[in-house]
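Visitor: Before I ask anything, here is the structure I am working with.
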Amino acid sequence: MARFPNVNGSYTAKGKTHTNLVISEGMAPAEEMIISRTNEAESFIYEYGPEGNQTVVLAKGKAVEVVGAEYDPETGFYQTAVRQAKDASENAIGVNHHNVYSRRRDGMVSTLTTPTIITRNYIEVPLFETTGAENIEAAQVLAEAMKFGAAVSNVGGVDETSTLKNGDRVVADRSGNFRKFVKGQDDPLAIIGQVWGKSTELPPAGFLQYYQEMINPEMEEFLKQMSYSPSPGLNGNGAGAYPYGVPYTVKGWKPEFEKMLTKAGLGGQASGIPFLTDGFFRAQEVRTFAANTEDVEAIRGAEGTTYDSAANKLIVAAGAKNAAAFIKLKHKIDVTKLSNITVQLNGALMDANDFPC
């Protein structure tokens, strides 16, 4: 909103009136904004961000609220300041369109460091839904761990006030995610959108379908190294400088990975991208069967896992990853003769051909 100069009794306006009435469409207003100094969103490193911009101060998909005008040292003027919305904020204006990265002294100011708020778009965000909990606290914790914008809900709890359904209106929760608007509890001014569709049967798409429940430190380290770029000085991990930076000096997975992308792979045939298109997970075969105590020779737990032989139970330490127990049987298992194994399901015998694999 522009303001005309102060008008006194002798001031006479000449020329045309103000004609710049519509400055942009309402779906993404073209207002220059800055991140407020009061923004409490926890910053994080996004390895796949543009070069030199990896520190995210406001993640995409988060609900955004206006906190007034603050001084912008880049322009020397006061600009509209926004931050990640808090629980049921009545000043929430829309959703952050893209990751906003931190400003650096003498760094370029662009759309990477300034927010764009969308107000009337139809968007899709991940849904974190717990079942049977007293409230949506667990779902909020999971959504916060993902960092980006999401929706939270709870089914089968003490009450249905936090169960998100089609048609429900939503407000911002404590972390700028979306939760159900509770009539009589939340102010209608806090409503920021409405649910049109809720899909809970979508299969994981893309790389996610291969990555679920898989923790591979070597591959994670490899992907992390791929995000570094050579620089005139030392890289963040202490590796060599340009032109012999990390992508040129770090060995491990990279040479084999690149070789598999070509026909120089096994047998001169392209074997695919490791874990993604090489059929690694489809090649895994799991057979479930029961064994009597007298058939077991020893049981050993992996790191963070111990076996209590007296209580006959497996104990997993808090925070342990890849918890597993290794059972050594006294006799080898002939997988070609599964009919020798007896399996019960809900007290009834199962046919050998019905064993889950």
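Convention: chains lettered A, B, ... in structure tokens order; per-chain residue numbering from 1; ligands numbered from 1 as shown.
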Find the residues around segment 172-186 of chain A up to 6 Å (only C-alpha atoms counted), leave out those fewer than 3 positions away in its own chain, and share them as number ranges by chain.
Guide: A: 62-63, 84-88, 149-152, 162, 164, 169
Visitor: Find the spatial neighbours of Glu90 of chain A, counting only C-alpha atoms, within a cut-off of 8 Å - ignore same-chain residues fewer than 2 positions away - and output them as a list of chain:residue names.
Guide: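 Skipping anything fewer than 2 positions along the chain leaves A:Ala88, A:Ala92, A:Asp187, A:Leu189, A:Ala190, A:Ile191.
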Visitor: Do a neighbour search on Asp72 of chain A at 12 Å with only C-alpha atoms, toss out local chain neighbours closer than 5 positions, and write the hits as a PyMOL selection string.
Guide: chain A and resi 32-37+77-81+103+109+114
Visitor: Identify which of the residues A:Glu129, A:Glu47, A:Glu74, A:Glu137 lies closest to Arg104 of chain A, counting only C-alpha atoms when measuring atom-to-atom distances.
Guide: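 Of the candidates, the smallest distance to Arg104 of chain A is held by A:Glu74.
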Visitor: Could you give me the residues within segment 63-185 of chain A that DSSP places in strand (DSSP E), as a compact mmCIF listing (two decimals) with all heavy atoms, in the first residue's frame?
Guide:
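Writing the result to states_11.txt gives the following:
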```
# COMPACT_ATOMS: atom_id res chain seq x y z
N ALA A 63 3.55 -23.39 6.80
CA ALA A 63 2.64 -22.25 6.93
C ALA A 63 3.43 -21.05 7.42
O ALA A 63 4.33 -21.16 8.25
CB ALA A 63 1.51 -22.58 7.91
N VAL A 64 3.10 -19.88 6.87
CA VAL A 64 3.85 -18.66 7.14
C VAL A 64 2.93 -17.61 7.72
O VAL A 64 1.78 -17.46 7.30
CB VAL A 64 4.51 -18.13 5.84
CG1 VAL A 64 5.20 -16.81 6.08
CG2 VAL A 64 5.50 -19.16 5.30
N GLU A 65 3.44 -16.84 8.70
CA GLU A 65 2.66 -15.75 9.28
C GLU A 65 3.44 -14.44 9.19
O GLU A 65 4.67 -14.44 9.19
CB GLU A 65 2.31 -16.05 10.75
CG GLU A 65 3.50 -16.13 11.67
CD GLU A 65 3.10 -16.37 13.12
OE1 GLU A 65 1.91 -16.16 13.43
OE2 GLU A 65 3.97 -16.74 13.92
N VAL A 66 2.70 -13.33 9.12
CA VAL A 66 3.30 -12.01 9.06
C VAL A 66 3.48 -11.49 10.48
O VAL A 66 2.60 -11.63 11.33
CB VAL A 66 2.42 -11.04 8.25
CG1 VAL A 66 2.95 -9.62 8.33
CG2 VAL A 66 2.35 -11.48 6.79
N VAL A 67 4.64 -10.89 10.73
CA VAL A 67 4.90 -10.35 12.08
C VAL A 67 5.09 -8.84 12.05
O VAL A 67 5.50 -8.25 13.04
CB VAL A 67 6.15 -11.02 12.69
CG1 VAL A 67 5.90 -12.48 12.93
CG2 VAL A 67 7.38 -10.82 11.81
N GLY A 68 4.81 -8.22 10.91
CA GLY A 68 4.95 -6.78 10.81
C GLY A 68 6.02 -6.41 9.81
O GLY A 68 6.33 -7.16 8.89
N ALA A 69 6.61 -5.23 10.00
CA ALA A 69 7.67 -4.75 9.11
C ALA A 69 8.97 -4.65 9.90
O ALA A 69 8.97 -4.18 11.05
CB ALA A 69 7.30 -3.40 8.51
N GLU A 70 10.07 -5.09 9.29
CA GLU A 70 11.38 -5.02 9.93
C GLU A 70 12.38 -4.41 8.96
O GLU A 70 12.21 -4.47 7.74
CB GLU A 70 11.84 -6.42 10.36
CG GLU A 70 10.98 -7.05 11.44
CD GLU A 70 11.49 -8.41 11.87
OE1 GLU A 70 12.58 -8.82 11.40
OE2 GLU A 70 10.80 -9.08 12.66
N TYR A 71 13.44 -3.86 9.52
CA TYR A 71 14.46 -3.19 8.72
C TYR A 71 15.26 -4.21 7.93
O TYR A 71 15.73 -5.22 8.47
CB TYR A 71 15.39 -2.39 9.63
CG TYR A 71 16.49 -1.66 8.87
CD1 TYR A 71 16.21 -0.50 8.15
CD2 TYR A 71 17.79 -2.14 8.89
CE1 TYR A 71 17.21 0.17 7.46
CE2 TYR A 71 18.80 -1.48 8.20
CZ TYR A 71 18.51 -0.32 7.49
OH TYR A 71 19.50 0.32 6.81
N ASP A 72 15.41 -3.95 6.63
CA ASP A 72 16.18 -4.82 5.76
C ASP A 72 17.52 -4.16 5.46
O ASP A 72 17.57 -3.16 4.73
CB ASP A 72 15.41 -5.07 4.46
CG ASP A 72 16.16 -6.02 3.52
OD1 ASP A 72 17.18 -6.59 3.94
OD2 ASP A 72 15.72 -6.19 2.37
N PHE A 77 15.50 -0.25 3.65
CA PHE A 77 14.11 0.09 3.90
C PHE A 77 13.48 -0.96 4.81
O PHE A 77 14.03 -2.05 5.02
CB PHE A 77 13.33 0.17 2.58
CG PHE A 77 13.82 1.23 1.65
CD1 PHE A 77 14.64 0.92 0.59
CD2 PHE A 77 13.45 2.57 1.84
CE1 PHE A 77 15.10 1.89 -0.27
CE2 PHE A 77 13.91 3.55 0.97
CZ PHE A 77 14.74 3.22 -0.08
N TYR A 78 12.30 -0.63 5.30
CA TYR A 78 11.52 -1.59 6.07
C TYR A 78 10.72 -2.47 5.11
O TYR A 78 10.09 -1.97 4.18
CB TYR A 78 10.59 -0.88 7.05
CG TYR A 78 11.30 -0.41 8.30
CD1 TYR A 78 11.99 0.80 8.32
CD2 TYR A 78 11.30 -1.19 9.45
CE1 TYR A 78 12.65 1.22 9.46
CE2 TYR A 78 11.97 -0.78 10.60
CZ TYR A 78 12.65 0.42 10.59
OH TYR A 78 13.32 0.83 11.72
N GLN A 79 10.77 -3.78 5.34
CA GLN A 79 10.07 -4.73 4.49
C GLN A 79 9.13 -5.59 5.34
O GLN A 79 9.32 -5.73 6.56
CB GLN A 79 11.07 -5.65 3.77
CG GLN A 79 12.10 -4.92 2.93
CD GLN A 79 11.58 -4.54 1.56
OE1 GLN A 79 10.36 -4.53 1.33
NE2 GLN A 79 12.47 -4.22 0.66
N THR A 80 8.13 -6.16 4.68
CA THR A 80 7.24 -7.09 5.37
C THR A 80 8.05 -8.29 5.85
O THR A 80 8.77 -8.91 5.07
CB THR A 80 6.12 -7.57 4.44
OG1 THR A 80 5.37 -6.44 3.99
CG2 THR A 80 5.19 -8.53 5.16
N ALA A 81 7.95 -8.60 7.12
CA ALA A 81 8.71 -9.70 7.71
C ALA A 81 7.78 -10.87 8.01
O ALA A 81 6.68 -10.68 8.55
CB ALA A 81 9.42 -9.25 8.99
N VAL A 82 8.22 -12.06 7.64
CA VAL A 82 7.41 -13.26 7.87
C VAL A 82 8.26 -14.29 8.62
O VAL A 82 9.49 -14.22 8.64
CB VAL A 82 6.90 -13.87 6.55
CG1 VAL A 82 5.97 -12.91 5.83
CG2 VAL A 82 8.07 -14.28 5.65
N ARG A 83 7.59 -15.26 9.19
CA ARG A 83 8.27 -16.35 9.89
C ARG A 83 7.40 -17.59 9.81
O ARG A 83 6.24 -17.52 9.38
CB ARG A 83 8.51 -15.97 11.36
CG ARG A 83 7.22 -15.86 12.19
CD ARG A 83 7.50 -15.40 13.59
NE ARG A 83 6.27 -15.29 14.37
CZ ARG A 83 6.19 -14.75 15.58
NH1 ARG A 83 7.29 -14.26 16.14
NH2 ARG A 83 5.04 -14.70 16.23
N GLN A 84 7.97 -18.71 10.22
CA GLN A 84 7.20 -19.96 10.28
C GLN A 84 6.07 -19.79 11.28
O GLN A 84 6.28 -19.36 12.41
CB GLN A 84 8.11 -21.11 10.70
CG GLN A 84 7.41 -22.46 10.76
CD GLN A 84 8.40 -23.58 11.03
OE1 GLN A 84 9.18 -23.96 10.17
NE2 GLN A 84 8.37 -24.10 12.25
N ALA A 92 -1.48 -16.04 10.00
CA ALA A 92 -0.98 -16.90 8.93
C ALA A 92 -1.59 -16.45 7.60
O ALA A 92 -2.81 -16.25 7.50
CB ALA A 92 -1.32 -18.35 9.22
N ILE A 93 -0.75 -16.30 6.58
CA ILE A 93 -1.22 -15.76 5.31
C ILE A 93 -1.13 -16.75 4.16
O ILE A 93 -1.73 -16.54 3.11
CB ILE A 93 -0.44 -14.49 4.93
CG1 ILE A 93 1.06 -14.79 4.85
CG2 ILE A 93 -0.73 -13.36 5.89
CD1 ILE A 93 1.88 -13.65 4.29
N GLY A 94 -0.37 -17.83 4.32
CA GLY A 94 -0.23 -18.78 3.22
C GLY A 94 0.87 -19.78 3.49
O GLY A 94 1.22 -20.05 4.64
N VAL A 95 1.40 -20.34 2.41
CA VAL A 95 2.38 -21.42 2.50
C VAL A 95 3.66 -21.01 1.77
O VAL A 95 3.60 -20.42 0.68
CB VAL A 95 1.83 -22.72 1.88
CG1 VAL A 95 2.85 -23.85 1.98
CG2 VAL A 95 0.53 -23.12 2.58
N ASN A 96 4.80 -21.32 2.36
CA ASN A 96 6.07 -21.00 1.74
C ASN A 96 6.28 -21.87 0.50
O ASN A 96 6.17 -23.09 0.56
CB ASN A 96 7.21 -21.22 2.73
CG ASN A 96 8.55 -20.76 2.20
OD1 ASN A 96 8.63 -19.76 1.49
ND2 ASN A 96 9.59 -21.49 2.51
N VAL A 100 13.84 -21.40 1.65
CA VAL A 100 14.49 -20.10 1.76
C VAL A 100 15.81 -20.32 2.51
O VAL A 100 15.81 -20.84 3.63
CB VAL A 100 13.61 -19.09 2.51
CG1 VAL A 100 14.33 -17.75 2.63
CG2 VAL A 100 12.28 -18.91 1.80
N TYR A 101 16.91 -19.94 1.86
CA TYR A 101 18.23 -20.17 2.43
C TYR A 101 18.73 -18.92 3.14
O TYR A 101 18.27 -17.80 2.88
CB TYR A 101 19.21 -20.60 1.32
CG TYR A 101 18.79 -21.86 0.62
CD1 TYR A 101 18.02 -21.82 -0.54
CD2 TYR A 101 19.13 -23.11 1.14
CE1 TYR A 101 17.62 -22.99 -1.18
CE2 TYR A 101 18.73 -24.28 0.50
CZ TYR A 101 17.97 -24.21 -0.65
OH TYR A 101 17.57 -25.36 -1.27
N ILE A 117 5.16 -16.47 -0.99
CA ILE A 117 4.01 -17.05 -0.27
C ILE A 117 2.88 -17.32 -1.26
O ILE A 117 2.45 -16.43 -1.99
CB ILE A 117 3.51 -16.10 0.83
CG1 ILE A 117 4.67 -15.60 1.68
CG2 ILE A 117 2.47 -16.80 1.69
CD1 ILE A 117 5.49 -16.69 2.32
N ILE A 118 2.43 -18.57 -1.29
CA ILE A 118 1.28 -18.92 -2.12
C ILE A 118 0.04 -18.95 -1.23
O ILE A 118 0.08 -19.43 -0.10
CB ILE A 118 1.48 -20.26 -2.84
CG1 ILE A 118 1.86 -21.37 -1.85
CG2 ILE A 118 2.56 -20.15 -3.89
CD1 ILE A 118 2.04 -22.73 -2.50
N LEU A 127 1.35 -36.70 4.81
CA LEU A 127 0.50 -36.82 5.99
C LEU A 127 1.14 -37.77 7.00
O LEU A 127 1.49 -38.89 6.67
CB LEU A 127 -0.88 -37.35 5.60
CG LEU A 127 -1.83 -37.70 6.76
CD1 LEU A 127 -2.20 -36.45 7.55
CD2 LEU A 127 -3.08 -38.41 6.26
N PHE A 128 1.30 -37.28 8.22
CA PHE A 128 1.79 -38.12 9.32
C PHE A 128 0.60 -38.37 10.25
O PHE A 128 0.08 -37.44 10.87
CB PHE A 128 2.93 -37.43 10.06
CG PHE A 128 4.20 -37.37 9.26
CD1 PHE A 128 4.40 -36.35 8.33
CD2 PHE A 128 5.19 -38.32 9.43
CE1 PHE A 128 5.56 -36.29 7.58
CE2 PHE A 128 6.36 -38.27 8.68
CZ PHE A 128 6.54 -37.26 7.76
N GLU A 129 0.20 -39.63 10.32
CA GLU A 129 -1.01 -39.97 11.07
C GLU A 129 -0.72 -41.10 12.05
O GLU A 129 -0.22 -42.17 11.67
CB GLU A 129 -2.12 -40.38 10.10
CG GLU A 129 -3.48 -40.52 10.74
CD GLU A 129 -4.56 -40.70 9.69
OE1 GLU A 129 -4.50 -41.68 8.92
OE2 GLU A 129 -5.47 -39.85 9.63
N THR A 130 -1.01 -40.86 13.32
CA THR A 130 -0.85 -41.90 14.34
C THR A 130 -2.19 -42.55 14.61
O THR A 130 -3.25 -41.98 14.34
CB THR A 130 -0.29 -41.30 15.64
OG1 THR A 130 -1.11 -40.19 16.04
CG2 THR A 130 1.12 -40.79 15.43
N THR A 131 -2.15 -43.74 15.16
CA THR A 131 -3.37 -44.49 15.44
C THR A 131 -3.46 -44.82 16.94
O THR A 131 -2.52 -45.40 17.49
CB THR A 131 -3.40 -45.80 14.64
OG1 THR A 131 -3.29 -45.49 13.25
CG2 THR A 131 -4.69 -46.55 14.90
N ALA A 151 1.24 -32.47 7.03
CA ALA A 151 0.00 -32.42 7.79
C ALA A 151 0.04 -33.51 8.84
O ALA A 151 0.68 -34.55 8.65
CB ALA A 151 -1.21 -32.62 6.86
N VAL A 152 -0.62 -33.27 9.98
CA VAL A 152 -0.62 -34.24 11.07
C VAL A 152 -2.06 -34.58 11.46
O VAL A 152 -2.97 -33.76 11.34
CB VAL A 152 0.14 -33.70 12.30
CG1 VAL A 152 1.62 -33.54 11.99
CG2 VAL A 152 -0.44 -32.37 12.77
N SER A 153 -2.23 -35.82 11.90
CA SER A 153 -3.57 -36.30 12.25
C SER A 153 -3.44 -37.47 13.21
O SER A 153 -2.36 -38.03 13.40
CB SER A 153 -4.34 -36.72 10.98
OG SER A 153 -5.59 -37.28 11.29
N ASN A 154 -4.55 -37.83 13.84
CA ASN A 154 -4.59 -38.98 14.74
C ASN A 154 -5.94 -39.68 14.60
O ASN A 154 -6.98 -39.04 14.51
CB ASN A 154 -4.38 -38.55 16.20
CG ASN A 154 -4.48 -39.73 17.16
OD1 ASN A 154 -3.90 -40.78 16.91
ND2 ASN A 154 -5.24 -39.57 18.23
N VAL A 155 -5.91 -41.00 14.53
CA VAL A 155 -7.13 -41.79 14.35
C VAL A 155 -7.30 -42.72 15.54
O VAL A 155 -6.35 -43.37 15.99
CB VAL A 155 -7.06 -42.63 13.06
CG1 VAL A 155 -8.30 -43.50 12.92
CG2 VAL A 155 -6.91 -41.73 11.84
N ARG A 169 -11.24 -28.10 7.73
CA ARG A 169 -10.39 -26.91 7.62
C ARG A 169 -9.16 -27.10 8.50
O ARG A 169 -9.22 -27.82 9.50
CB ARG A 169 -11.18 -25.67 8.01
CG ARG A 169 -12.21 -25.29 6.94
CD ARG A 169 -13.19 -24.24 7.41
NE ARG A 169 -14.02 -23.76 6.30
CZ ARG A 169 -15.06 -24.41 5.80
NH1 ARG A 169 -15.40 -25.59 6.31
NH2 ARG A 169 -15.75 -23.91 4.79
N VAL A 170 -8.08 -26.47 8.10
CA VAL A 170 -6.82 -26.68 8.82
C VAL A 170 -6.23 -25.35 9.29
O VAL A 170 -6.49 -24.29 8.70
CB VAL A 170 -5.79 -27.41 7.94
CG1 VAL A 170 -6.21 -28.84 7.67
CG2 VAL A 170 -5.56 -26.66 6.64
N VAL A 171 -5.44 -25.44 10.35
CA VAL A 171 -4.70 -24.31 10.89
C VAL A 171 -3.24 -24.73 11.03
O VAL A 171 -2.91 -25.90 10.88
CB VAL A 171 -5.26 -23.84 12.24
CG1 VAL A 171 -6.70 -23.37 12.10
CG2 VAL A 171 -5.17 -24.98 13.27
N ALA A 172 -2.39 -23.78 11.35
CA ALA A 172 -0.98 -24.10 11.55
C ALA A 172 -0.80 -24.71 12.94
O ALA A 172 -1.46 -24.31 13.91
CB ALA A 172 -0.13 -22.84 11.42
N PHE A 178 0.30 -28.50 9.12
CA PHE A 178 -1.15 -28.34 9.12
C PHE A 178 -1.80 -29.33 10.07
O PHE A 178 -1.48 -30.52 10.04
CB PHE A 178 -1.71 -28.52 7.71
CG PHE A 178 -1.12 -27.58 6.71
CD1 PHE A 178 -0.07 -27.98 5.89
CD2 PHE A 178 -1.60 -26.29 6.58
CE1 PHE A 178 0.49 -27.12 4.97
CE2 PHE A 178 -1.05 -25.42 5.66
CZ PHE A 178 0.00 -25.83 4.85
N ARG A 179 -2.71 -28.86 10.89
CA ARG A 179 -3.53 -29.73 11.74
C ARG A 179 -4.99 -29.31 11.61
O ARG A 179 -5.31 -28.25 11.07
CB ARG A 179 -3.08 -29.65 13.20
CG ARG A 179 -3.33 -28.31 13.89
CD ARG A 179 -3.15 -28.42 15.40
NE ARG A 179 -3.31 -27.14 16.07
CZ ARG A 179 -4.48 -26.61 16.41
NH1 ARG A 179 -5.61 -27.25 16.11
NH2 ARG A 179 -4.54 -25.46 17.04
N LYS A 180 -5.86 -30.15 12.12
CA LYS A 180 -7.30 -29.90 11.99
C LYS A 180 -7.74 -28.68 12.81
O LYS A 180 -7.28 -28.48 13.94
CB LYS A 180 -8.08 -31.14 12.44
CG LYS A 180 -9.59 -31.01 12.31
CD LYS A 180 -10.28 -32.29 12.71
CE LYS A 180 -11.81 -32.17 12.60
NZ LYS A 180 -12.49 -33.43 12.93
```
Visitor: Could you pull out the helix (DSSP H, G or I) residues of segment 114-196 of chain A from DSSP and send them as a list of chain:residue names?
Guide: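 Written out, the helix (DSSP H, G or I) residues of segment 114-196 of chain A are A:Glu137, A:Ala138, A:Ala139, A:Gln140, A:Val141, A:Leu142, A:Ala143, A:Glu144, A:Ala145, A:Met146, A:Pro188, A:Leu189, A:Ala190.
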Visitor: Take the residues that were just selected and, keeping C-alpha atoms, output them as a PDB file, in the first residue's frame.
Guide:
```
ATOM      1  CA  GLU A 137       2.009 -35.330  19.609  1.00  0.00           C
ATOM      2  CA  ALA A 138       3.672 -38.404  18.049  1.00  0.00           C
ATOM      3  CA  ALA A 139       2.617 -37.368  14.550  1.00  0.00           C
ATOM      4  CA  GLN A 140       3.988 -33.867  15.138  1.00  0.00           C
ATOM      5  CA  VAL A 141       7.356 -35.246  16.234  1.00  0.00           C
ATOM      6  CA  LEU A 142       7.621 -37.343  13.055  1.00  0.00           C
ATOM      7  CA  ALA A 143       6.561 -34.444  10.836  1.00  0.00           C
ATOM      8  CA  GLU A 144       9.117 -32.156  12.483  1.00  0.00           C
ATOM      9  CA  ALA A 145      11.870 -34.692  11.833  1.00  0.00           C
ATOM     10  CA  MET A 146      11.118 -34.556   8.092  1.00  0.00           C
ATOM     11  CA  PRO A 188     -11.740 -18.972  12.695  1.00  0.00           C
ATOM     12  CA  LEU A 189      -9.187 -16.299  11.772  1.00  0.00           C
ATOM     13  CA  ALA A 190      -6.506 -18.981  12.100  1.00  0.00           C
TER      14      ALA A 190
END
```
